[in-house]
Amino acid sequence: MLSTNRKNDLNNFLKIQNLKIADLALLNTAFTHSSYLKEKSLKDEEDNERLEFFGDAILKLYVSEYLMDKYKKYSEGQLSKLRAYVVSEKVLAVIANKINLKKYLLVGKNEKKTLPISILADALEALIAVIYYESSPNKAKDYIFTHWREYIQAADKNEEKDNFKAVLQEFTQGNNLGLPVYETLRESGPDHDKEFEVAVFLDNNEYARGLGKTKKDASQHAAKNALIKLRKY
């Protein structure tokens, strides 16, 4: 049985978050870490691990759906990279802190001192599962996009900024220019300080070159120079 104070705390959280959850016991489970049950010797109560498992799947599903719909020309690799950032523990912990989730968590004394981001992330995923169960799949979806949209957009900006090869490939495919092909032209210098020169080819014609300390960096530089030549960067 939940205490009156605990019920009031949970109802206050729901009010702030504009959520309707009838089963406060289930919500309480979502906010209960295994360390708390172990410390209190509550062997018959459940922690949030099962809910976290399901919430993680829901989050990945709806984020994947959003990315597939928004970025129709992105490859599987590009979509995976975006999703990995959006559903990362780091992002989940930031969102959890924004909604002041730690105020409502039940954790052991040792964990409470430092509160690892993994605990915050797991509790947030467990909350998603409760919303899905208790409200509706659409409500869970809306909640995710309300809190995650800015991180999806931020991930895309970072991807465009850092992955010139991906941007070049998207452009060339979208304009029927074929797939870019990269070829290492030369490498020079000692093993601890090598320099590579890579060329990018479009339709068997060399289009741009790039230099870098690794083949990967040189390829990215070549792709960037190609984008500059195409006036797309």
# chains A, B, ... in the order shown; residues from 1 in each chain; ligands from 1

$ select_by_dssp --residues "range 65-191 of chain A" --states "strand (DSSP E)" --output "ChimeraX atom specification"
/A:181-188

$ write_last_selection --atoms "C-alpha atoms" --output "tab-separated table (two decimals), in the first residue's frame"
chain	number	residue	atom	x	y	z
A	181	VAL	CA	33.47	6.32	-54.66
A	182	TYR	CA	36.58	7.02	-52.57
A	183	GLU	CA	40.12	6.05	-53.50
A	184	THR	CA	43.32	6.52	-51.50
A	185	LEU	CA	45.80	8.23	-53.79
A	186	ARG	CA	48.81	8.26	-51.48
A	187	GLU	CA	50.04	7.99	-47.92
A	188	SER	CA	53.21	9.58	-46.64

$ select_by_dssp --residues "range 91-219 of chain A" --states "helix (DSSP H, G or I)" --output "PyMOL selection string"
chain A and resi 91-98+101-104+109-114+117-134+137-162+164-174+191-193+215-219

$ closest_residue --among "A:Leu179, A:Glu39, A:Ile58, A:Phe145" --to "Asn205 in chain A" --atoms "only C-alpha atoms"
A:Leu179

$ residues_around --residues "Phe13 in chain A" --least-positions-apart "2" --cutoff "10 Å" --atoms "only C-alpha atoms" --output "list of chain:residue names"
A:Lys7, A:Asn8, A:Asp9, A:Leu10, A:Asn11, A:Lys15, A:Ile16, A:Gln17, A:Asn18, A:Leu19, A:Ile99, A:Asn100, A:Leu101, A:Lys103, A:Tyr104

$ residues_around --residues "Ala84 in chain A" --least-positions-apart "2" --cutoff "12 Å" --atoms "only C-alpha atoms" --output "list in words"
Leu59, Lys60, Val63, Ser64, Leu67, Glu76, Gly77, Gln78, Leu79, Ser80, Lys81, Leu82, Val86, Val87, Ser88, Glu89, Lys90, Val91, Leu92, Tyr151, Ile152, Ala155, Asp156 and Glu159 of chain A

$ write_last_selection --atoms "C-alpha atoms" --output "PDB file, in the first residue's frame"
ATOM      1  CA  LEU A  59      11.009   4.708 -27.339  1.00  0.00           C
ATOM      2  CA  LYS A  60      13.117   3.111 -30.073  1.00  0.00           C
ATOM      3  CA  VAL A  63      11.852   7.435 -32.658  1.00  0.00           C
ATOM      4  CA  SER A  64      12.600   5.033 -35.536  1.00  0.00           C
ATOM      5  CA  LEU A  67      13.170   9.249 -38.387  1.00  0.00           C
ATOM      6  CA  GLU A  76      20.115   2.611 -42.486  1.00  0.00           C
ATOM      7  CA  GLY A  77      23.493   3.679 -41.136  1.00  0.00           C
ATOM      8  CA  GLN A  78      22.516   7.340 -40.946  1.00  0.00           C
ATOM      9  CA  LEU A  79      19.199   6.531 -39.269  1.00  0.00           C
ATOM     10  CA  SER A  80      20.916   4.254 -36.761  1.00  0.00           C
ATOM     11  CA  LYS A  81      23.425   6.955 -35.874  1.00  0.00           C
ATOM     12  CA  LEU A  82      20.674   9.515 -35.299  1.00  0.00           C
ATOM     13  CA  VAL A  86      18.419  10.386 -29.440  1.00  0.00           C
ATOM     14  CA  VAL A  87      17.838   7.332 -27.203  1.00  0.00           C
ATOM     15  CA  SER A  88      21.213   7.487 -25.462  1.00  0.00           C
ATOM     16  CA  GLU A  89      21.481   7.497 -21.670  1.00  0.00           C
ATOM     17  CA  LYS A  90      22.935  10.989 -21.877  1.00  0.00           C
ATOM     18  CA  VAL A  91      19.860  12.431 -23.602  1.00  0.00           C
ATOM     19  CA  LEU A  92      17.457  10.477 -21.386  1.00  0.00           C
ATOM     20  CA  TYR A 151      17.248  16.174 -29.581  1.00  0.00           C
ATOM     21  CA  ILE A 152      16.242  14.548 -32.861  1.00  0.00           C
ATOM     22  CA  ALA A 155      21.301  14.940 -33.737  1.00  0.00           C
ATOM     23  CA  ASP A 156      20.546  15.693 -37.374  1.00  0.00           C
ATOM     24  CA  GLU A 159      25.234  14.496 -38.343  1.00  0.00           C
TER      25      GLU A 159
END

$ closest_atom_pairs --of "range 79-152 of chain A" --to "range 45-52 of chain A" --cutoff "7 Å" --atoms "only C-alpha atoms" --output "tab-separated table"
residue	atom	partner	partner_atom	distance
A:Asp122	CA	A:Glu52	CA	5.4
A:Ala123	CA	A:Glu52	CA	6.6
A:Glu125	CA	A:Glu52	CA	5.0
A:Ala126	CA	A:Glu52	CA	4.0
A:Ala129	CA	A:Leu51	CA	5.8

$ atom_distance --atom1 "CA of Glu195 in chain A" --atom2 "CA of Lys215 in chain A"
8.4 Å

$ atom_distance --atom1 "CA of Val107 in chain A" --atom2 "CA of Leu24 in chain A"
17.7 Å

$ residues_around --residues "Asp23 in chain A" --least-positions-apart "3" --cutoff "9 Å" --atoms "only C-alpha atoms" --output "list in words"
Leu26, Leu27, Asn28, Val130 and Glu134 of chain A

$ closest_atom_pairs --of "range 73-176 of chain A" --to "range 226-229 of chain A" --cutoff "12 Å" --atoms "only C-alpha atoms" --output "CSV"
residue,atom,partner,partner_atom,distance
A:Glu160,CA,A:Leu227,CA,11.6
A:Lys161,CA,A:Leu227,CA,11.9
A:Asn163,CA,A:Leu227,CA,11.5
A:Phe164,CA,A:Leu227,CA,7.8
A:Lys165,CA,A:Leu227,CA,9.2
A:Ala166,CA,A:Leu227,CA,10.9
A:Val167,CA,A:Leu227,CA,8.3
A:Leu168,CA,A:Leu227,CA,6.4
A:Gln169,CA,A:Leu227,CA,10.0
A:Glu170,CA,A:Leu227,CA,11.1
A:Phe171,CA,A:Leu227,CA,8.9
A:Thr172,CA,A:Leu227,CA,9.9
